[in-house]
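This report refers to the structure that appears directly beneath it.
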Amino acid sequence: MNQYMLKEKMKVYFIMGSTNCSTDAEEVLEKALKGGATLFQFREKGTGCLEGGSRTELAMALQKVCRRYNVPFIINDDIQLMKHLDADGLHVGQEDGDLAEIRKAIPGKLLGVSVHNLKEARHALEVGADYLGVGPIYPTGTKTDTRPVMGYSVIRELRENGIDAPIVGIGGISASNASGVTQAGADGVAVITAISSHQEPDEAAYELLKSVEKGKESNPSNKIIK
Ligand SMILES: Cc1ncc(COP(=O)(O)OP(=O)(O)O)c(N)n1
Ligand SMILES: Cc1ncsc1CCOP(=O)(O)O
Ligand SMILES: [Mg+2]
């Protein structure tokens with residue numbers, strides 16, 4: 001996938017595991033994709049999360065849903081599961097291992113890396129990351145072990161320093177504040193709660209997509225000319 005296509009896929013990046021849903025996870029994902037979510041990450045972690053065979057089974061079921069909608073299926077943290085399912089890619093953070101080793105272990109797959117400053121971003125891209133996750137942009141109740149809330153400062157810093165790789169903002173993002181994230185220079189937003197806890201996940205995804213596009217329109221430098 002070229003960078004232009006990947007940036008398009010970054011617009012509404014839905015992340016979810018069973019603990020984020022109060023109803024059936026497959027249904028929530030299907031609605032999100034129907035509404036317009038463009039990328040999906042399986043993130044099964046935290047208190048009460050599935051383990052072993054049931055975790056793998058859920059991942060496989062969600063992968064099938066993604067295939068039906070032609071939406072790439074990314075695995076959070078777990079390189080073995082990514083390989084086992086032949087998923088489309090892996091997302092890792094700064095504490096998840098040596099990035100160069102991880103890159104080598106998954107040739108041809110998408111690699112996303114969480115970064116919090118220019119140094120981390122440059123390193124991730126040097127070793128071959130395909131996209132960057134930047135956050136938390138706003139306060140979030142979903143992940144407790146985050147770095148401090150950063151607002152738009154890091155996204156702006158990366159763009160001002162010539163980083164033109166695909167970037168998503170993450171953390172506390174909803175349709176009401178997503179446009180600010182893309183206006184600041186991100187290609188899209190990654191969300192958990194805004195879709196998984198919404199009564200109508202399809203509406204949530206649709207509204208997020210509209211907000212993301214509105215923000216992009218007001219930041220012309222964010223547009224890529226092929
Ligand atoms: C798109 C995206 N961006 C950031 C993260 C966070 O990754 P990490 O810091 O490794 O934290 P965990 O998600 O593993 O708890 C992400 N998952 N996705
Ligand atoms: C995984 C992660 N990484 C930084 S913030 C966050 C949680 C995002 O969840 P929400 O969209 O519910 O704030
Ligand atoms: Mg991680």
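Starting from 1 in every chain, residues are counted up; chains themselves are A, B, ... following the order of the structure tokens, and ligands are numbered from 1 as listed.
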Pick out each residue of region 38-98 of chain A that DSSP on the backbone tags as strand (DSSP E or B); I need them as a list in words.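 Selection result, strand (DSSP E or B) within region 38-98 of chain A: Leu39, Phe40, Gln41, Phe42, Phe73, Ile74, Ile75, Asn76, Gly89, Leu90, His91 and Val92 of chain A.
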Please provide as a short mmCIF file (atom, residue, chain, number, x, y, z; two decimals) with C-alpha atoms, in the first residue's frame all residues within 12 Å of Leu62 (chain A), with the sequence filter that same-chain residues fewer than 6 positions apart are discarded (counting only C-alpha atoms).
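Final output, result39.cif:
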```cif
data_model
loop_
_atom_site.label_atom_id
_atom_site.label_comp_id
_atom_site.auth_asym_id
_atom_site.auth_seq_id
_atom_site.Cartn_x
_atom_site.Cartn_y
_atom_site.Cartn_z
CA ILE A 15 -9.45 0.19 18.21
CA MET A 16 -11.32 -2.32 20.33
CA GLY A 17 -11.29 -5.45 22.45
CA SER A 18 -14.07 -7.34 24.20
CA ASP A 24 -21.46 -8.20 20.96
CA ALA A 25 -18.00 -7.21 19.71
CA GLU A 26 -18.58 -8.51 16.15
CA GLU A 27 -21.76 -6.44 15.88
CA VAL A 28 -20.06 -3.33 17.21
CA LEU A 29 -17.24 -3.75 14.68
CA GLU A 30 -19.63 -4.43 11.80
CA ALA A 32 -18.43 0.78 12.91
CA LEU A 33 -17.22 -0.38 9.49
CA PHE A 40 -9.22 -1.59 12.79
CA GLN A 41 -6.92 -2.66 15.63
CA PHE A 42 -7.65 -5.65 17.87
CA ARG A 43 -6.54 -4.57 21.37
CA GLU A 44 -7.53 -7.24 23.89
CA ARG A 55 -8.89 -14.51 22.60
CA THR A 56 -7.67 -16.05 19.34
CA ARG A 68 -15.78 -8.44 4.31
CA TYR A 69 -15.39 -4.65 4.39
CA VAL A 71 -10.58 -2.86 6.01
CA PRO A 72 -7.04 -3.72 7.21
CA PHE A 73 -6.88 -5.68 10.46
CA ILE A 74 -4.07 -4.69 12.85
CA ILE A 75 -3.05 -6.49 16.06
CA LEU A 85 -3.62 -14.92 11.92
CA ALA A 87 -3.04 -10.13 10.05
#
```
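Nearest-residue note for Gly141 (chain A): choosing from A:Gln199, A:Asn219, A:Thr193, A:Asn76, the minimum distance belongs to A:Thr193, counting only C-alpha atoms.
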If the limit is 9 Å from any atom of ligand 2, counting only C-alpha atoms and all ligand atoms, which residues qualify? Return them as a compact mmCIF listing (two decimals) with C-alpha atoms, in the first residue's frame.
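Full text of result-v8.txt as output:
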```txt
# COMPACT_ATOMS: atom_id res chain seq x y z
CA PHE A 14 -11.16 2.08 15.35
CA ILE A 15 -9.45 0.19 18.21
CA MET A 16 -11.32 -2.32 20.33
CA ASN A 20 -14.58 -2.07 25.49
CA ARG A 43 -6.54 -4.57 21.37
CA GLY A 93 4.49 1.27 21.76
CA SER A 114 3.24 5.07 19.32
CA GLY A 133 0.20 7.04 16.70
CA VAL A 134 0.54 10.27 18.70
CA GLY A 135 -1.14 10.86 22.05
CA PRO A 136 -2.86 11.19 24.37
CA ILE A 137 -4.18 14.26 22.61
CA TYR A 138 -6.97 14.79 25.15
CA PRO A 139 -7.60 13.22 28.58
CA THR A 140 -8.71 9.60 28.31
CA GLY A 141 -10.22 7.22 30.80
CA THR A 142 -9.47 4.17 28.66
CA LYS A 143 -5.73 3.80 29.24
CA THR A 144 -4.26 4.69 32.61
CA ASP A 145 -0.53 4.27 31.91
CA THR A 146 -0.24 7.07 29.35
CA ARG A 147 2.23 9.93 29.01
CA VAL A 149 -1.85 14.88 27.69
CA GLY A 169 -3.91 11.29 16.99
CA ILE A 170 -5.25 9.15 19.85
CA GLY A 171 -6.76 9.70 23.30
CA GLY A 172 -10.10 11.21 24.28
CA ILE A 173 -11.12 11.87 20.68
CA SER A 174 -14.76 12.07 19.59
CA VAL A 189 -7.92 9.81 14.54
CA ALA A 190 -7.72 6.57 16.51
CA VAL A 191 -10.58 6.00 18.92
CA ILE A 192 -11.85 3.39 21.33
CA THR A 193 -14.69 4.79 23.45
CA ALA A 194 -16.16 7.19 20.91
CA ILE A 195 -17.30 4.22 18.83
CA SER A 196 -17.35 1.19 21.17
CA SER A 197 -19.44 2.92 23.87
```
Residues flagged alpha helix (DSSP H) by DSSP in region 7-92 of chain A, as a ChimeraX atom specification: /A:7-9,25-35,52-68,79-85
Separation of CA of Ala59 (chain A) and CA of Gly89 (chain A), in Å? 13.2 Å
Write out as a Markdown table the residues of chain A that have any atom within 6 Å of an atom of ligand 3, one row each with the nearest atom pair and its distance in Å to one decimal, counting only C-alpha atoms and all ligand atoms, sorted by chain and then rising number.
```
| residue | atom | partner | partner_atom_place_in_ligand_line | distance |
| --- | --- | --- | --- | --- |
| A:Asp77 | CA | ligand 3 | 1 (Mg) | 4.8 |
| A:Val92 | CA | ligand 3 | 1 (Mg) | 4.5 |
| A:Gly93 | CA | ligand 3 | 1 (Mg) | 4.3 |
| A:Asp96 | CA | ligand 3 | 1 (Mg) | 5.6 |
```
Fewer than 5 positions away in the same chain doesn't count, so skip those; otherwise give me all residues within 10 Å of Tyr206 (chain A), counting only C-alpha atoms, as a JSON list (two decimals) with C-alpha atoms, in the first residue's frame.
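Once written, part21.json looks like this:
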```json
[["chain", "number", "residue", "atom", "x", "y", "z"],
["A", 12, "VAL", "CA", -11.09, 6.73, 11.30],
["A", 32, "ALA", "CA", -18.43, 0.78, 12.91],
["A", 33, "LEU", "CA", -17.22, -0.38, 9.49],
["A", 34, "LYS", "CA", -20.64, 0.22, 7.95],
["A", 35, "GLY", "CA", -20.56, 3.75, 9.32],
["A", 36, "GLY", "CA", -17.18, 4.46, 7.76],
["A", 37, "ALA", "CA", -14.34, 3.30, 10.04],
["A", 175, "ALA", "CA", -16.68, 13.64, 16.70],
["A", 195, "ILE", "CA", -17.30, 4.22, 18.83],
["A", 201, "PRO", "CA", -21.46, 2.74, 16.48],
["A", 211, "SER", "CA", -15.23, 15.76, 11.52],
["A", 212, "VAL", "CA", -11.87, 14.36, 10.33]]
```
Ranking A:Leu110, A:Ala124, A:Met5, A:Met10 by minimum distance to Asp88 (chain A) and counting only C-alpha atoms, which one comes first?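 Closest residue, counting only C-alpha atoms: A:Leu110.
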Using only C-alpha atoms and all ligand atoms, can you tell me which of A:Lys109, A:Tyr131, A:Asn70, A:Met82 comes closest to ligand 1? A:Tyr131
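If you look at atom 9 (O, counted along the ligand's line) of ligand 1 and CA of Ala105 (chain A), they are 19.3 Å away from each other.
The residue that comes closest to ligand 1, out of A:Lys119, A:Lys11, A:Lys210, A:Arg103 and on the basis of only C-alpha atoms and all ligand atoms, is A:Lys11.
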Which residue is closest to Asp78 (chain A)? Choose from A:Ala61, A:Ile167, A:Leu90, A:Ala129 and count only C-alpha atoms.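 Nearest candidate to Asp78 (chain A) out of A:Ala61, A:Ile167, A:Leu90, A:Ala129: A:Leu90.
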Provide the CA of Ile79 (chain A) to CA of Cys66 (chain A) distance in Å, to one decimal place. 18.9 Å
Find the spatial neighbours of region 153-163 of chain A, counting only C-alpha atoms, within a cut-off of 7 Å - ignore same-chain residues fewer than 4 positions away - and output them as a ChimeraX atom specification. /A:116-118,184-186
I need the residue nearest ligand 1 from this list: A:Ala121, A:Ile102, A:Leu208, A:Leu132. Use only C-alpha atoms and all ligand atoms for the distance.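 Ranked by minimum distance to ligand 1, first place goes to A:Leu132.
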